[in-house]
Amino acid sequence: MALRILVVDDSPVSRILITEMVRENGHQVVAEAENLAQVLAAYKTHKPDVVTLDLSLASEDGLTILKALRQFDPKAKIVVISGNSQTKVIDEITAAGAGYVPKPFTQEDLIKALGAS
């Protein structure tokens, strides 16, 4: 089944990379966002199956966005993609019910996490 995905990252290069990876596997990127306001607007409009979320954003902390998405939709499927491998951070991510993919990641890592989220 093809997934509808919202890609949240402040890096255009990362958004392109993730978009290409998911499209090659038959999934669709329905929107991209780089801050909290864009994320919530895109989520409300497109109701994606999964959100990929970078933790290190220019304007906001990814954990703040994760918590805001959880408040808006407690059942939202979220996969956090981050180079931050601190146990405390990973624990917060998993406690919030999100998946985690460490950077750097492969296409296989990403697709597996999207399916398991």
# chains A, B, ... in the order shown; residues from 1 in each chain; ligands from 1

call {"tool": "select_by_dssp", "arguments": {"residues": "chain A", "states": "alpha helix (DSSP H)", "output": "ChimeraX atom specification"}}
result
/A:12-24,36-46,62-72,87-95,107-116

call {"tool": "residues_around", "arguments": {"residues": "A:Glu24", "least_positions_apart": "6", "cutoff": "12 Å", "atoms": "only C-alpha atoms", "output": "number ranges by chain"}}
result
A: 2, 17-18, 107-108, 110-111

call {"tool": "residues_around", "arguments": {"residues": "stretch 83-92 of chain A", "least_positions_apart": "4", "cutoff": "12 Å", "atoms": "only C-alpha atoms", "output": "PDB file with C-alpha atoms, in the first residue's frame"}}
result
ATOM      1  CA  LEU A  53      10.471  14.753  11.164  1.00  0.00           C
ATOM      2  CA  ASP A  54      13.994  16.104  11.472  1.00  0.00           C
ATOM      3  CA  LEU A  55      14.836  17.075  15.058  1.00  0.00           C
ATOM      4  CA  SER A  56      17.223  19.903  14.216  1.00  0.00           C
ATOM      5  CA  LEU A  57      15.206  22.633  12.552  1.00  0.00           C
ATOM      6  CA  ASP A  61      13.019  22.107  18.047  1.00  0.00           C
ATOM      7  CA  GLY A  62      11.729  18.927  16.423  1.00  0.00           C
ATOM      8  CA  LEU A  63      10.583  17.614  19.814  1.00  0.00           C
ATOM      9  CA  THR A  64       8.296  20.648  20.111  1.00  0.00           C
ATOM     10  CA  LEU A  66       6.469  16.136  17.721  1.00  0.00           C
ATOM     11  CA  LYS A  67       4.558  17.088  20.870  1.00  0.00           C
ATOM     12  CA  VAL A  79       9.234   8.868  12.192  1.00  0.00           C
ATOM     13  CA  ALA A  96       6.078  10.016  22.428  1.00  0.00           C
ATOM     14  CA  GLY A  97       5.291   6.976  20.308  1.00  0.00           C
ATOM     15  CA  ALA A  98       7.436   7.940  17.326  1.00  0.00           C
ATOM     16  CA  GLY A  99       9.851   5.846  15.307  1.00  0.00           C
ATOM     17  CA  TYR A 100      13.523   6.788  15.062  1.00  0.00           C
ATOM     18  CA  VAL A 101      15.958   6.636  12.142  1.00  0.00           C
ATOM     19  CA  PRO A 102      19.543   7.741  12.861  1.00  0.00           C
ATOM     20  CA  LYS A 103      21.448   9.868  10.357  1.00  0.00           C
ATOM     21  CA  PRO A 104      23.109   8.963   8.120  1.00  0.00           C
ATOM     22  CA  PHE A 105      20.476   6.528   6.902  1.00  0.00           C
TER      23      PHE A 105
END

call {"tool": "residues_around", "arguments": {"residues": "A:Arg15", "least_positions_apart": "6", "cutoff": "10 Å", "atoms": "only C-alpha atoms", "output": "PyMOL selection string"}}
result
chain A and resi 6-9+21+29+32-34+52+54

call {"tool": "write_last_selection", "arguments": {"atoms": "C-alpha atoms", "output": "PDB file, in the first residue's frame"}}
result
ATOM      1  CA  LEU A   6       4.576  14.744   5.048  1.00  0.00           C
ATOM      2  CA  VAL A   7       8.312  15.523   5.048  1.00  0.00           C
ATOM      3  CA  VAL A   8       9.458  17.958   7.755  1.00  0.00           C
ATOM      4  CA  ASP A   9      13.019  19.235   7.381  1.00  0.00           C
ATOM      5  CA  MET A  21      13.693   7.631  -1.556  1.00  0.00           C
ATOM      6  CA  VAL A  29       5.046  12.963  -0.570  1.00  0.00           C
ATOM      7  CA  GLU A  32       6.821  19.437   2.831  1.00  0.00           C
ATOM      8  CA  ALA A  33       7.280  21.739   5.820  1.00  0.00           C
ATOM      9  CA  GLU A  34      10.108  23.354   7.746  1.00  0.00           C
ATOM     10  CA  THR A  52       9.049  12.223   8.722  1.00  0.00           C
ATOM     11  CA  ASP A  54      13.994  16.104  11.472  1.00  0.00           C
TER      12      ASP A  54
END

call {"tool": "atom_distance", "arguments": {"atom1": "atom CA of A:Ala58", "atom2": "atom CA of A:Ala37"}}
result
13.2 Å

call {"tool": "residues_around", "arguments": {"residues": "A:Leu3", "least_positions_apart": "3", "cutoff": "9 Å", "atoms": "only C-alpha atoms", "output": "PDB file with N, CA and C atoms, in the first residue's frame"}}
result
ATOM      1  N   VAL A  22      11.350   7.832  -0.950  1.00  0.00           N
ATOM      2  CA  VAL A  22      10.004   7.279  -0.750  1.00  0.00           C
ATOM      3  C   VAL A  22       9.281   7.080  -2.081  1.00  0.00           C
ATOM      4  N   GLY A  26       7.305   3.678  -4.253  1.00  0.00           N
ATOM      5  CA  GLY A  26       5.880   3.717  -4.531  1.00  0.00           C
ATOM      6  C   GLY A  26       5.045   4.562  -3.594  1.00  0.00           C
ATOM      7  N   HIS A  27       5.705   5.339  -2.732  1.00  0.00           N
ATOM      8  CA  HIS A  27       4.967   6.194  -1.804  1.00  0.00           C
ATOM      9  C   HIS A  27       4.894   7.620  -2.358  1.00  0.00           C
ATOM     10  N   GLN A  28       4.053   8.434  -1.755  1.00  0.00           N
ATOM     11  CA  GLN A  28       3.816   9.789  -2.243  1.00  0.00           C
ATOM     12  C   GLN A  28       4.097  10.814  -1.147  1.00  0.00           C
ATOM     13  N   VAL A  29       4.870  11.834  -1.485  1.00  0.00           N
ATOM     14  CA  VAL A  29       5.046  12.963  -0.570  1.00  0.00           C
ATOM     15  C   VAL A  29       3.931  13.951  -0.889  1.00  0.00           C
ATOM     16  N   PRO A  48      -1.683  13.155   6.252  1.00  0.00           N
ATOM     17  CA  PRO A  48      -0.769  12.122   5.770  1.00  0.00           C
ATOM     18  C   PRO A  48      -0.829  10.851   6.620  1.00  0.00           C
ATOM     19  N   ASP A  49      -0.379   9.754   6.014  1.00  0.00           N
ATOM     20  CA  ASP A  49      -0.296   8.485   6.733  1.00  0.00           C
ATOM     21  C   ASP A  49       0.885   8.491   7.706  1.00  0.00           C
ATOM     22  N   VAL A  50       1.968   9.158   7.294  1.00  0.00           N
ATOM     23  CA  VAL A  50       3.188   9.206   8.095  1.00  0.00           C
ATOM     24  C   VAL A  50       3.837  10.579   7.945  1.00  0.00           C
ATOM     25  N   LEU A 114       9.215   3.608   7.969  1.00  0.00           N
ATOM     26  CA  LEU A 114       7.895   4.091   7.542  1.00  0.00           C
ATOM     27  C   LEU A 114       6.846   2.993   7.647  1.00  0.00           C
ATOM     28  N   GLY A 115       7.247   1.788   7.325  1.00  0.00           N
ATOM     29  CA  GLY A 115       6.316   0.669   7.398  1.00  0.00           C
ATOM     30  C   GLY A 115       6.036   0.232   8.814  1.00  0.00           C
TER      31      GLY A 115
END

call {"tool": "closest_residue", "arguments": {"among": "A:Ile5, A:Lys75, A:Ile65, A:Ala42", "to": "A:Arg23", "atoms": "only C-alpha atoms"}}
result
A:Ile5
